>>> print(open('work.cif').read())   # mmCIF, C-alpha atoms
data_entry
loop_
_atom_site.label_atom_id
_atom_site.label_comp_id
_atom_site.auth_asym_id
_atom_site.auth_seq_id
_atom_site.Cartn_x
_atom_site.Cartn_y
_atom_site.Cartn_z
CA MET A 871 17.54 -25.49 7.66
CA GLU A 872 19.20 -28.66 8.99
CA LYS A 873 21.64 -26.62 11.06
CA LEU A 874 18.77 -24.72 12.62
CA ASP A 875 16.84 -27.94 13.11
CA ARG A 876 19.68 -29.34 15.20
CA LEU A 877 19.40 -26.55 17.77
CA GLY A 878 17.46 -27.50 20.85
CA TRP A 879 13.87 -26.37 20.44
CA ALA A 880 11.81 -26.35 23.62
CA ALA A 881 8.37 -25.59 22.23
CA GLY A 882 6.50 -24.84 19.04
CA LEU A 883 3.14 -23.94 17.64
CA ALA A 884 1.41 -23.98 14.26
CA PHE A 885 -1.34 -21.49 13.53
CA GLU A 886 -3.38 -20.03 10.71
CA SER A 887 -3.99 -16.40 9.93
CA TYR A 888 -6.03 -15.15 6.91
CA GLY A 889 -5.60 -18.60 5.38
CA VAL A 890 -1.80 -18.64 5.80
CA ARG A 891 -0.23 -21.47 7.80
CA ILE A 892 2.62 -20.39 10.05
CA GLY A 893 4.92 -22.32 12.38
CA VAL A 894 6.89 -20.94 15.33
CA ARG A 895 9.52 -22.66 17.49
CA VAL A 896 11.43 -21.29 20.46
CA ASN A 897 14.39 -22.36 22.58
CA ASP A 898 12.55 -21.48 25.79
CA ALA A 899 8.98 -22.67 26.31
CA THR A 900 8.16 -19.85 28.71
CA ILE A 901 8.35 -17.20 25.97
CA LEU A 902 5.72 -18.80 23.74
CA PRO A 903 2.73 -17.12 25.46
CA ARG A 904 4.49 -13.72 25.19
CA LEU A 905 5.25 -14.38 21.55
CA ALA A 906 1.61 -15.22 20.83
CA SER A 907 0.66 -11.64 21.66
CA HIS A 908 2.62 -10.69 18.52
CA PHE A 909 0.60 -12.99 16.22
CA PRO A 910 -1.80 -11.31 13.77
CA PRO A 911 -5.30 -10.73 15.13
CA GLY A 912 -7.75 -13.60 14.67
CA TRP A 913 -5.11 -16.34 14.51
CA ARG A 914 -6.14 -19.89 15.38
CA ALA A 915 -4.00 -22.83 16.36
CA LEU A 916 -3.65 -25.73 13.94
CA THR A 917 -3.51 -29.37 14.90
CA LYS A 918 -1.37 -30.37 11.91
CA PRO A 919 2.14 -28.92 11.87
CA ARG A 920 2.44 -28.53 8.06
CA VAL A 921 3.20 -24.83 7.51
CA GLU A 922 4.22 -22.45 4.72
CA ARG A 923 6.73 -20.50 6.78
CA LEU A 924 8.60 -21.46 9.92
CA TYR A 925 9.94 -18.91 12.39
CA SER A 926 12.70 -19.88 14.80
CA LEU A 927 13.49 -17.70 17.81
CA VAL A 928 16.52 -18.07 20.02
CA VAL A 929 16.12 -15.92 23.10
CA ALA A 930 19.11 -15.24 25.35
CA SER A 931 18.68 -16.63 28.84
CA GLU A 932 18.35 -14.15 31.67
CA GLY A 933 21.11 -16.01 33.48
CA ALA A 934 23.58 -15.31 30.69
CA THR A 935 22.74 -11.62 30.71
CA ARG A 936 23.16 -11.45 34.49
CA ARG A 937 26.59 -13.07 34.27
CA GLY A 938 27.65 -10.38 31.80
CA VAL A 939 27.76 -12.84 28.89
CA LYS A 940 26.84 -11.18 25.61
CA GLY A 941 23.31 -12.57 25.29
CA LEU A 942 21.80 -12.11 21.86
CA ASN A 943 18.32 -12.87 20.60
CA LEU A 944 18.03 -14.30 17.11
CA VAL A 945 15.03 -14.47 14.79
CA TYR A 946 14.91 -16.64 11.69
CA GLY A 947 12.26 -16.80 8.99
CA ASP A 948 12.78 -20.23 7.41
CA ILE A 949 16.57 -20.26 6.98
CA ASN A 950 17.10 -16.50 6.81
CA ARG A 951 18.17 -14.54 9.85
CA LEU A 952 15.78 -11.63 10.23
CA ALA A 953 17.15 -9.98 13.36
CA ARG A 954 19.88 -10.14 15.99
CA THR A 955 19.06 -8.03 19.02
CA ARG A 956 20.08 -7.39 22.61
CA GLN A 957 16.55 -6.79 23.84
CA SER A 958 14.08 -9.68 23.54
CA GLU A 959 11.24 -7.21 22.83
CA ASP A 960 13.15 -6.01 19.77
CA ALA A 961 13.39 -9.61 18.58
CA PHE A 962 9.63 -10.04 19.08
CA ASP A 963 8.97 -6.80 17.17
CA ALA A 964 11.14 -8.01 14.29
CA PHE A 965 9.26 -11.32 14.31
CA GLU A 966 5.91 -9.54 14.30
CA SER A 967 6.91 -7.17 11.52
CA ASP A 968 8.03 -9.98 9.22
CA LEU A 969 5.10 -12.20 10.14
CA GLN A 970 2.55 -9.50 9.36
CA LEU A 971 4.17 -8.79 6.02
CA TYR A 972 4.32 -12.48 5.14
CA VAL A 973 0.65 -12.98 6.00
CA ALA A 974 -0.28 -9.83 4.06
CA GLU A 975 1.54 -11.11 0.98
CA ALA A 976 0.39 -14.71 1.15
CA ALA A 977 -3.22 -14.27 2.35
CA ARG A 978 -5.78 -16.05 0.22
CA ARG A 979 -8.59 -14.02 -1.34
CA ARG A 980 -7.61 -10.89 0.56
CA VAL A 981 -5.74 -7.78 -0.53
CA PHE A 982 -3.75 -5.94 2.14
CA VAL A 983 -3.39 -2.20 1.80
CA HIS A 984 -1.15 -0.32 4.21
CA ALA A 985 -3.78 1.81 5.92
CA GLY A 986 -5.68 2.49 9.10
CA VAL A 987 -9.41 1.73 9.16
CA VAL A 988 -12.36 2.71 11.32
CA GLY A 989 -16.08 2.05 10.98
CA TRP A 990 -18.81 4.66 11.33
CA ARG A 991 -22.54 4.10 10.90
CA GLY A 992 -21.93 0.83 9.09
CA ARG A 993 -19.38 2.24 6.61
CA ALA A 994 -15.60 2.19 6.61
CA VAL A 995 -13.08 5.02 6.52
CA ILE A 996 -9.71 4.01 5.07
CA ILE A 997 -6.72 6.15 6.01
CA ALA A 998 -4.02 5.11 3.58
CA GLY A 999 -0.39 6.08 3.81
CA ARG A 1000 3.15 5.03 4.56
CA SER A 1001 4.77 4.99 7.96
CA PHE A 1002 5.09 8.32 9.78
CA THR A 1003 2.15 9.94 7.97
CA GLY A 1004 0.13 9.89 11.19
CA LYS A 1005 -2.29 7.06 10.42
CA THR A 1006 -2.39 5.64 13.93
CA THR A 1007 -2.84 9.07 15.50
CA LEU A 1008 -5.82 9.79 13.26
CA VAL A 1009 -7.29 6.33 13.83
CA ALA A 1010 -6.98 6.78 17.60
CA GLU A 1011 -8.67 10.18 17.41
CA LEU A 1012 -11.53 8.76 15.33
CA VAL A 1013 -11.97 5.96 17.87
CA ARG A 1014 -12.07 8.52 20.69
CA ALA A 1015 -14.77 10.33 18.68
CA GLY A 1016 -16.86 7.16 18.68
CA ALA A 1017 -15.78 5.25 15.57
CA THR A 1018 -15.29 1.47 15.66
CA TYR A 1019 -11.70 0.31 15.42
CA TYR A 1020 -10.73 -1.93 12.49
CA SER A 1021 -6.97 -1.50 12.06
CA ASP A 1022 -4.06 0.88 12.31
CA GLU A 1023 -1.88 -1.16 9.95
CA TYR A 1024 -3.77 -2.85 7.12
CA ALA A 1025 -7.05 -2.40 5.29
CA VAL A 1026 -7.85 -6.03 4.50
CA LEU A 1027 -10.02 -6.03 1.36
CA ASP A 1028 -12.06 -8.79 -0.21
CA ALA A 1029 -12.83 -9.01 -3.92
CA ARG A 1030 -15.96 -6.84 -3.44
CA GLY A 1031 -13.90 -4.09 -1.86
CA ARG A 1032 -15.29 -4.62 1.63
CA VAL A 1033 -12.91 -4.00 4.52
CA HIS A 1034 -12.33 -6.77 7.06
CA PRO A 1035 -10.97 -6.13 10.56
CA PHE A 1036 -7.29 -6.41 11.42
CA PRO A 1037 -7.67 -5.18 15.00
CA ARG A 1038 -4.20 -5.52 16.46
CA PRO A 1039 -3.49 -3.20 19.43
CA LEU A 1040 -2.66 0.25 18.10
CA GLY A 1041 1.06 0.87 17.63
CA VAL A 1042 1.69 4.31 19.07
CA ARG A 1043 5.19 5.61 18.47
CA THR A 1044 7.21 7.16 21.27
CA THR A 1045 10.74 8.52 21.28
CA ASP A 1046 13.11 6.44 23.36
CA ALA A 1047 16.11 8.61 24.10
CA SER A 1048 17.90 5.94 26.11
CA ASP A 1049 18.15 3.43 23.30
CA THR A 1050 20.64 4.97 20.92
CA VAL A 1051 23.34 7.53 20.96
CA THR A 1052 21.26 9.78 18.76
CA GLY A 1053 18.18 9.55 20.95
CA THR A 1054 15.97 9.49 17.88
CA THR A 1055 14.78 5.92 17.94
CA ARG A 1056 11.02 5.75 17.71
CA ARG A 1057 9.57 2.73 19.46
CA GLN A 1058 6.07 1.40 19.18
CA GLN A 1059 4.00 1.06 22.27
CA ARG A 1060 0.96 -1.19 21.98
CA VAL A 1061 -2.29 0.35 23.12
CA ALA A 1062 -5.50 -1.66 23.42
CA VAL A 1063 -8.45 -0.02 21.70
CA GLU A 1064 -10.48 -0.40 24.90
CA SER A 1065 -8.05 1.91 26.69
CA LEU A 1066 -9.11 4.63 24.24
CA GLY A 1067 -12.73 4.01 25.15
CA GLY A 1068 -13.38 2.21 21.86
CA ARG A 1069 -14.14 -1.25 20.60
CA ALA A 1070 -13.03 -3.36 17.65
CA GLY A 1071 -15.34 -4.15 14.75
CA ALA A 1072 -16.04 -7.67 13.59
CA ARG A 1073 -18.10 -7.43 10.39
CA PRO A 1074 -16.77 -6.43 6.96
CA LEU A 1075 -17.74 -2.90 5.92
CA VAL A 1076 -18.19 -1.14 2.59
CA PRO A 1077 -15.85 1.88 2.45
CA ALA A 1078 -17.38 5.34 2.21
CA LEU A 1079 -14.26 7.43 2.46
CA VAL A 1080 -10.57 7.05 1.68
CA VAL A 1081 -8.35 9.67 3.28
CA LEU A 1082 -4.85 10.20 1.87
CA SER A 1083 -3.39 12.71 4.23
CA GLU A 1084 -0.02 13.46 5.63
CA TYR A 1085 0.38 15.21 8.97
CA ARG A 1086 2.25 18.47 8.89
CA ALA A 1087 2.79 20.38 12.13
CA GLY A 1088 1.24 23.80 11.93
CA ALA A 1089 -1.01 22.99 8.98
CA ARG A 1090 -4.28 24.84 9.54
CA ARG A 1091 -7.50 23.92 7.82
CA TRP A 1092 -7.76 20.60 6.12
CA ARG A 1093 -8.67 21.39 2.53
CA PRO A 1094 -8.53 18.09 0.73
CA ARG A 1095 -9.20 17.69 -2.94
CA THR A 1096 -11.37 14.89 -4.23
CA LEU A 1097 -9.49 12.52 -6.52
CA THR A 1098 -11.02 10.78 -9.52
CA ALA A 1099 -11.56 7.06 -9.07
CA GLY A 1100 -8.55 6.38 -11.28
CA HIS A 1101 -6.15 8.67 -9.46
CA GLY A 1102 -7.49 7.45 -6.12
CA LEU A 1103 -6.81 3.91 -7.23
CA LEU A 1104 -3.25 4.83 -8.19
CA ALA A 1105 -2.75 6.29 -4.71
CA LEU A 1106 -4.00 3.06 -3.16
CA VAL A 1107 -1.73 1.01 -5.44
CA ALA A 1108 1.24 2.77 -3.86
CA ASN A 1109 0.24 1.26 -0.49
CA THR A 1110 -0.84 -2.21 -1.61
CA VAL A 1111 1.29 -5.10 -0.41
CA THR A 1112 0.25 -7.63 -3.06
CA ILE A 1113 0.16 -5.35 -6.08
CA ARG A 1114 3.24 -6.94 -7.67
CA SER A 1115 2.48 -10.54 -6.81
CA ARG A 1116 -1.27 -10.52 -7.57
CA PRO A 1117 -2.00 -7.39 -9.62
CA ALA A 1118 -5.29 -8.55 -11.18
CA GLU A 1119 -6.79 -9.49 -7.83
CA ALA A 1120 -5.50 -6.31 -6.20
CA PHE A 1121 -6.80 -4.13 -9.04
CA ALA A 1122 -10.28 -5.68 -8.77
CA ALA A 1123 -10.50 -5.05 -5.03
CA LEU A 1124 -9.11 -1.52 -5.32
CA GLN A 1125 -11.47 -0.76 -8.18
CA ALA A 1126 -14.41 -1.77 -6.00
CA VAL A 1127 -13.17 0.65 -3.33
CA ALA A 1128 -12.35 3.50 -5.70
CA THR A 1129 -15.69 3.44 -7.50
CA ARG A 1130 -17.76 3.44 -4.30
CA ALA A 1131 -15.82 5.62 -1.89
CA ARG A 1132 -14.97 9.29 -2.01
CA ILE A 1133 -11.19 9.67 -2.10
CA LEU A 1134 -9.68 12.75 -0.50
CA SER A 1135 -6.08 13.90 -0.55
CA GLY A 1136 -4.38 16.73 1.29
CA VAL A 1137 -2.05 17.79 4.08
CA ARG A 1138 -3.64 17.88 7.51
CA GLY A 1139 -2.91 19.42 10.87
CA GLU A 1140 -3.85 17.99 14.25
CA ALA A 1141 -5.93 14.79 14.16
CA LYS A 1142 -8.31 15.95 16.86
CA ASP A 1143 -9.42 18.85 14.65
CA LEU A 1144 -10.18 16.45 11.83
CA ALA A 1145 -12.06 13.54 13.36
CA ALA A 1146 -15.49 15.14 13.53
CA THR A 1147 -15.19 16.42 9.94
CA ILE A 1148 -14.31 12.95 8.65
CA LEU A 1149 -17.20 11.30 10.45
CA ARG A 1150 -19.61 13.93 9.14
CA MET A 1151 -18.36 13.25 5.61
CA VAL A 1152 -19.15 9.57 6.02
CA GLU A 1153 -22.70 10.41 7.04
CA ASP A 1154 -23.08 12.68 4.01
CA HIS A 1155 -21.65 10.16 1.57
CA GLN A 1156 -24.02 8.38 -0.77
CA ASP A 1157 -22.98 5.49 -2.99
CA MET B 1106 15.14 -6.10 -33.80
CA GLU B 1107 12.81 -3.40 -32.56
CA GLN B 1108 9.50 -3.33 -34.32
CA ARG B 1109 8.67 -0.11 -36.11
CA ILE B 1110 5.08 0.64 -36.95
CA ARG B 1111 3.64 3.06 -39.41
CA ASN B 1112 3.78 6.41 -37.74
CA ASP B 1113 0.23 7.40 -38.46
CA ARG B 1114 -1.39 4.05 -37.61
CA PRO B 1115 -0.49 3.31 -34.01
CA ARG B 1116 -1.16 -0.04 -32.40
CA ALA B 1117 -1.96 -0.49 -28.71
CA ARG B 1118 0.14 -2.95 -26.78
CA ALA B 1119 -1.92 -5.95 -25.75
CA GLY B 1120 0.44 -8.34 -23.96
CA GLY B 1121 1.62 -8.20 -20.37
CA LEU B 1122 -1.09 -5.84 -19.19
CA VAL B 1123 -3.96 -6.03 -16.72
CA VAL B 1124 -6.70 -3.62 -17.80
CA ARG B 1125 -9.66 -2.43 -15.72
CA GLU B 1126 -12.28 0.00 -16.96
CA LEU B 1127 -13.68 2.60 -14.60
CA PRO B 1128 -16.67 4.78 -15.51
CA GLU B 1129 -14.50 7.64 -16.83
CA GLU B 1130 -11.00 6.21 -16.85
CA VAL B 1131 -9.00 3.11 -17.69
CA LEU B 1132 -6.51 1.57 -15.29
CA VAL B 1133 -3.65 -0.50 -16.63
CA TYR B 1134 -1.07 -2.57 -14.78
CA ASP B 1135 2.13 -3.24 -16.69
CA LEU B 1136 3.24 -6.71 -15.58
CA GLU B 1137 6.73 -6.26 -17.04
CA ARG B 1138 7.56 -2.87 -15.55
CA HIS B 1139 5.34 -3.06 -12.47
CA ARG B 1140 3.73 0.26 -13.14
CA ALA B 1141 0.10 1.19 -12.59
CA ILE B 1142 -1.18 3.63 -15.21
CA CYS B 1143 -4.34 5.72 -15.29
CA LEU B 1144 -5.72 6.92 -18.63
CA ASN B 1145 -8.32 9.66 -18.52
CA HIS B 1146 -11.34 9.41 -20.80
CA THR B 1147 -9.68 11.00 -23.82
CA ALA B 1148 -6.44 9.04 -23.51
CA ALA B 1149 -8.46 5.85 -23.09
CA LEU B 1150 -10.48 6.58 -26.24
CA VAL B 1151 -7.33 7.22 -28.26
CA TRP B 1152 -5.76 4.00 -26.92
CA LYS B 1153 -8.88 2.04 -27.78
CA HIS B 1154 -8.66 3.19 -31.40
CA CYS B 1155 -4.99 2.26 -31.74
CA ASP B 1156 -5.53 -0.91 -33.76
CA GLY B 1157 -2.69 -0.52 -36.27
CA GLU B 1158 -5.25 0.17 -39.01
CA THR B 1159 -6.78 3.47 -38.06
CA SER B 1160 -4.89 6.64 -38.95
CA VAL B 1161 -4.27 9.48 -36.55
CA ALA B 1162 -6.56 11.69 -38.65
CA GLU B 1163 -9.33 9.10 -38.38
CA ILE B 1164 -8.77 8.67 -34.62
CA SER B 1165 -9.06 12.42 -34.25
CA ARG B 1166 -12.34 12.42 -36.21
CA ARG B 1167 -13.78 9.56 -34.15
CA LEU B 1168 -12.68 11.23 -30.94
CA GLY B 1169 -14.41 14.44 -31.99
CA ALA B 1170 -17.61 12.55 -32.75
CA HIS B 1171 -17.50 10.84 -29.37
CA LEU B 1172 -16.74 13.98 -27.37
CA ARG B 1173 -18.94 16.17 -29.57
CA LEU B 1174 -16.08 18.59 -29.94
CA PRO B 1175 -13.76 19.36 -32.82
CA VAL B 1176 -10.55 17.51 -31.92
CA ALA B 1177 -7.30 18.57 -33.56
CA GLU B 1178 -4.75 15.94 -34.54
CA ASP B 1179 -2.44 17.60 -32.05
CA VAL B 1180 -4.59 16.21 -29.27
CA VAL B 1181 -4.22 12.68 -30.60
CA TRP B 1182 -0.48 13.06 -31.02
CA LEU B 1183 -0.24 14.32 -27.46
CA ALA B 1184 -2.11 11.23 -26.28
CA LEU B 1185 0.14 8.98 -28.36
CA ASP B 1186 3.23 10.62 -26.86
CA GLN B 1187 1.96 9.90 -23.36
CA LEU B 1188 0.88 6.35 -24.20
CA ALA B 1189 4.26 5.64 -25.78
CA ARG B 1190 6.08 7.07 -22.75
CA ASP B 1191 4.31 4.51 -20.58
CA HIS B 1192 4.96 1.68 -23.06
CA LEU B 1193 1.30 1.22 -23.99
CA LEU B 1194 1.95 1.21 -27.75
CA GLU B 1195 3.65 -1.35 -29.94
CA GLY B 1196 6.88 -0.13 -31.48
CA LYS B 1197 7.93 3.47 -31.63
CA ILE B 1198 6.00 6.43 -32.88
CA ALA B 1199 7.34 9.76 -34.00
CA ARG B 1200 5.25 12.83 -34.55
CA PRO B 1201 5.42 14.37 -38.01
CA ALA B 1202 7.32 17.67 -37.99
CA ALA B 1203 4.10 19.66 -38.25
CA PHE B 1204 2.89 18.25 -34.93
CA SER B 1205 6.14 18.04 -33.03
CA GLY B 1206 7.01 19.83 -29.84
CA ILE B 1207 3.50 20.68 -28.67
CA SER B 1208 3.04 20.20 -24.96
CA ARG B 1209 -0.15 19.67 -22.97
CA ARG B 1210 0.24 23.16 -21.51
CA GLU B 1211 0.49 24.77 -24.94
CA LEU B 1212 -2.56 22.90 -26.13
CA MET B 1213 -4.48 24.02 -23.07
CA ARG B 1214 -3.57 27.59 -23.80
CA ARG B 1215 -4.53 27.25 -27.42
CA LEU B 1216 -7.81 25.40 -26.92
CA GLY B 1217 -9.04 27.30 -23.89
CA VAL B 1218 -10.28 26.00 -20.56
CA ALA B 1219 -13.54 24.54 -21.89
CA ALA B 1220 -11.85 22.27 -24.41
CA ALA B 1221 -8.89 21.58 -22.12
CA VAL B 1222 -10.96 19.11 -20.10
CA ALA B 1223 -10.89 16.91 -23.19
CA LEU B 1224 -7.12 16.79 -23.26
CA PRO B 1225 -5.52 13.39 -22.75
CA LEU B 1226 -3.78 12.63 -19.50
CA VAL B 1227 -1.81 9.51 -18.69
CA THR B 1228 -0.57 9.21 -15.10
CA SER B 1229 1.50 6.40 -13.69
CA VAL B 1230 3.09 5.17 -10.47
CA VAL B 1231 5.65 2.48 -9.80
CA ALA B 1232 4.06 -0.40 -7.90
CA PRO B 1233 5.81 -0.90 -4.56
CA THR B 1234 7.37 -4.16 -3.50
CA ALA B 1235 5.61 -5.80 -0.56
CA ALA B 1236 8.20 -4.45 1.87
CA GLU B 1237 7.95 -0.93 0.47
CA ALA B 1238 4.19 -0.97 0.87
CA ALA B 1239 4.38 -2.20 4.43
CA SER B 1240 5.29 -0.57 7.70
CA CYS B 1241 8.79 0.21 8.85
CA LEU B 1242 11.25 -2.30 10.28
CA PRO B 1243 11.83 -2.53 14.02
CA THR B 1244 15.12 -2.41 15.93
CA GLY B 1245 17.40 -5.34 15.14
CA ALA B 1246 15.86 -6.08 11.75
CA ALA B 1247 18.09 -6.30 8.69
CA CYS B 1248 17.77 -3.22 6.49
CA THR B 1249 19.16 -1.90 3.23
CA ALA B 1250 18.32 1.80 3.66
CA PRO B 1251 17.49 4.16 6.56
CA ALA B 1252 13.99 4.78 5.23
CA GLU B 1253 13.08 1.15 5.91
CA CYS B 1254 13.60 1.49 9.67
CA CYS B 1255 11.09 2.86 12.17
CA SER B 1256 13.98 4.77 13.71
CA GLY B 1257 15.11 6.14 10.36
CA LEU B 1258 18.56 4.72 11.15
CA CYS B 1259 20.19 1.85 9.31
CA PRO B 1260 23.91 1.83 10.15
CA GLY B 1261 25.91 -0.34 7.78
CA SER B 1262 23.38 -0.05 4.97
CA PRO B 1263 22.91 -1.60 2.44
CA ASN B 1264 23.67 -4.57 4.71
CA GLY B 1265 22.74 -2.87 7.93
CA THR B 1266 20.60 -3.36 10.99
CA CYS B 1267 17.88 -1.00 12.18
CA VAL B 1268 18.74 0.66 15.50
#
>>> encode(input="work.cif", output="structure tokens")
Amino acid sequence: MEKLDRLGWAAGLAFESYGVRIGVRVNDATILPRLASHFPPGWRALTKPRVERLYSLVVASEGATRRGVKGLNLVYGDINRLARTRQSEDAFDAFESDLQLYVAEAARRRVFVHAGVVGWRGRAVIIAGRSFTGKTTLVAELVRAGATYYSDEYAVLDARGRVHPFPRPLGVRTTDASDTVTGTTRRQQRVAVESLGGRAGARPLVPALVVLSEYRAGARRWRPRTLTAGHGLLALVANTVTIRSRPAEAFAALQAVATRARILSGVRGEAKDLAATILRMVEDHQD
Amino acid sequence: MEQRIRNDRPRARAGGLVVRELPEEVLVYDLERHRAICLNHTAALVWKHCDGETSVAEISRRLGAHLRLPVAEDVVWLALDQLARDHLLEGKIARPAAFSGISRRELMRRLGVAAAVALPLVTSVVAPTAAEAASCLPTGAACTAPAECCSGLCPGSPNGTCV
């Protein structure tokens, strides 16, 4: 850390997110406002600089790039180098990715499940699944159908199984053919929920429905099967960030979800064909 | 030295587990192996009776009384097999020859659909690490396997960088 400390740091900031204290320092003060757009939603600045994790970002100067000097952007989490990139946006994405995971793991009294979430008529729909299962697409479609946006990344649960908002801008993936020789790199483009005609929720919601679905092109009707509470809980375990570090706490929160919500699993086709069905199911659901 | 228990008096493992009871199932988290395990009603009842004192025949009788069905010892041995596979019993158990080699499918066929719902079922998943449970890594991030990257590309793995 001492070596890093000796580098010239132009600006820094300490903030809190879900009870986790984070520090950030940069070699160029002008990038700090841009960087702040990558902080988790609901962050607030701290006056005292004592933090649990310190990020250090070295961003290549535009002058160096113009002169043809190999300008690289570096991201460190404490003393570990997390990324080394040519594009500053890639460095910011790497920072955001690690920061979100750190907050998810270290958050006090909250259990983070990798899932999208929307609210409908005062109840939550949790769309659990790994990357590339089409969570964000389905969340966006539900928002377009009138649901309130809660998250496209994490279902943040309290001990009673209620879902709290994590309303970062939706990360819509696009193919960027110019970035690699293969042309298969999928970049995330941030989309504000307002641009979809929706709004973000603020109050915690009790979940009514958990959808475990994977998109498959060409799949016709969605014919999900209802899982038992136990098997539904196992499926949620597979997407829970803190299951290894805090299993008892995670189990309690997941149990509260699994015993109150209907848990559906099955391959789905296009999200737009599904949104109305999901919202109708929420209306039909009784505790 | 590995502990051996009396074959017909199984004992449930108690240490290193987080146990949560659901209305019809029991959820267990194995703190040593980082596995989450779901016991259906029958498997949970068998596990509950594994106190190191009660014989398999007695467990089968108690199970039958609880389910209001005649329960063959085969059913209990099947449950014990599954519980042992997921390390939920102390020591090792071995079925007596008369009960060996009977699978869940065979029992289902033998007992019929109505009684098959009472068959034990133990299901488990490996708990993911925090990184496995989270989203993919962006361009420039250090990666150990292609699946970790949003692009699906991790040249130089296991010490690679997402492109």
>>> resolve_selection(input="work.cif", expression="the PyMOL selection byres ((chain A and resi 1009) around 9)", output="ChimeraX atom specification")
/A:986-988,997,1004-1008,1010-1014,1017,1019,1021-1022,1040,1141,1145
>>> interface_residues(input="work.cif", of="chain A", to="chain B", cutoff="6 Å", atoms="all atoms listed in the file", output="list in words")
Leu952, Ala953, Arg954, Thr955, Asp960, Ala964, His984, Ser1001, Thr1055, Arg1056, Gly1100, Ala1108, Asn1109, Thr1110 and Val1111 of chain A
>>> residues_around(input="work.cif", residues="Gly1136 in chain A", least_positions_apart="5", cutoff="12 Å", atoms="only C-alpha atoms", output="PyMOL selection string")
chain A and resi 997-999+1003+1080-1086+1089-1097
>>> resolve_selection(input="work.cif", expression="the PyMOL selection byres ((chain B and resi 1118) around 12)", output="list of chain:residue names")
B:Ile1110, B:Pro1115, B:Arg1116, B:Ala1117, B:Ala1119, B:Gly1120, B:Gly1121, B:Leu1122, B:Val1123, B:Val1124, B:Val1133, B:Asp1135, B:Trp1152, B:Lys1153, B:His1154, B:Cys1155, B:Asp1156, B:Gly1157, B:Leu1188, B:Ala1189, B:Asp1191, B:His1192, B:Leu1193, B:Leu1194, B:Glu1195, B:Gly1196, B:Lys1197
>>> resolve_selection(input="work.cif", expression="the PyMOL selection byres ((chain B and resi 1168) around 10)", output="PyMOL selection string")
chain B and resi 1147-1148+1150-1151+1154+1162-1167+1169-1178+1180-1181+1223
>>> atom_distance(input="work.cif", atom1="CA of Ile1148 in chain A", atom2="CA of Ala1015 in chain A")
10.4 Å
>>> atom_distance(input="work.cif", atom1="CA of Phe965 in chain A", atom2="CA of Pro1035 in chain A")
21.2 Å
>>> atom_distance(input="work.cif", atom1="CA of Tyr925 in chain A", atom2="CA of Leu905 in chain A")
11.2 Å
>>> residues_around(input="work.cif", residues="Ile901 in chain A", least_positions_apart="2", cutoff="12 Å", atoms="all atoms listed in the file", output="PyMOL selection string")
chain A and resi 880-883+894-899+903-908+927-932+958-959+961-962
>>> residues_around(input="work.cif", residues="Pro1037 in chain A", least_positions_apart="6", cutoff="9 Å", atoms="all atoms listed in the file", output="PyMOL selection string")
chain A and resi 910-912+1019-1023+1063+1070-1072
>>> residues_near_point(input="work.cif", point="(4.5, -25.2, 12.2)", cutoff="12 Å", atoms="all atoms listed in the file", output="ChimeraX atom specification")
/A:881-886,890-896,915-926,947-948
>>> closest_residue(input="work.cif", among="A:Phe1002, A:Trp990, A:Phe1121, A:Tyr1024", to="Ala1078 in chain A", atoms="all atoms listed in the file")
A:Trp990
>>> decode(input="work.cif", residues="range 957-965 of chain A", atoms="N, CA and C atoms", output="PDB file, in the first residue's frame")
ATOM      1  N   GLN A 957      -9.090   1.974 -22.406  1.00  0.00           N
ATOM      2  CA  GLN A 957     -10.206   2.922 -22.354  1.00  0.00           C
ATOM      3  C   GLN A 957     -10.529   3.244 -20.901  1.00  0.00           C
ATOM      4  N   SER A 958     -10.715   4.534 -20.597  1.00  0.00           N
ATOM      5  CA  SER A 958     -11.028   4.887 -19.205  1.00  0.00           C
ATOM      6  C   SER A 958     -12.384   4.330 -18.786  1.00  0.00           C
ATOM      7  N   GLU A 959     -13.340   4.244 -19.731  1.00  0.00           N
ATOM      8  CA  GLU A 959     -14.661   3.697 -19.375  1.00  0.00           C
ATOM      9  C   GLU A 959     -14.557   2.244 -18.924  1.00  0.00           C
ATOM     10  N   ASP A 960     -13.628   1.499 -19.537  1.00  0.00           N
ATOM     11  CA  ASP A 960     -13.416   0.111 -19.113  1.00  0.00           C
ATOM     12  C   ASP A 960     -12.886   0.070 -17.678  1.00  0.00           C
ATOM     13  N   ALA A 961     -12.023   1.009 -17.359  1.00  0.00           N
ATOM     14  CA  ALA A 961     -11.486   1.073 -15.992  1.00  0.00           C
ATOM     15  C   ALA A 961     -12.618   1.395 -15.008  1.00  0.00           C
ATOM     16  N   PHE A 962     -13.495   2.314 -15.393  1.00  0.00           N
ATOM     17  CA  PHE A 962     -14.625   2.667 -14.518  1.00  0.00           C
ATOM     18  C   PHE A 962     -15.567   1.470 -14.346  1.00  0.00           C
ATOM     19  N   ASP A 963     -15.774   0.720 -15.444  1.00  0.00           N
ATOM     20  CA  ASP A 963     -16.643  -0.461 -15.355  1.00  0.00           C
ATOM     21  C   ASP A 963     -16.047  -1.507 -14.410  1.00  0.00           C
ATOM     22  N   ALA A 964     -14.725  -1.685 -14.510  1.00  0.00           N
ATOM     23  CA  ALA A 964     -14.057  -2.653 -13.631  1.00  0.00           C
ATOM     24  C   ALA A 964     -14.177  -2.215 -12.171  1.00  0.00           C
ATOM     25  N   PHE A 965     -14.021  -0.909 -11.950  1.00  0.00           N
ATOM     26  CA  PHE A 965     -14.174  -0.345 -10.608  1.00  0.00           C
ATOM     27  C   PHE A 965     -15.593  -0.608 -10.102  1.00  0.00           C
TER      28      PHE A 965
END
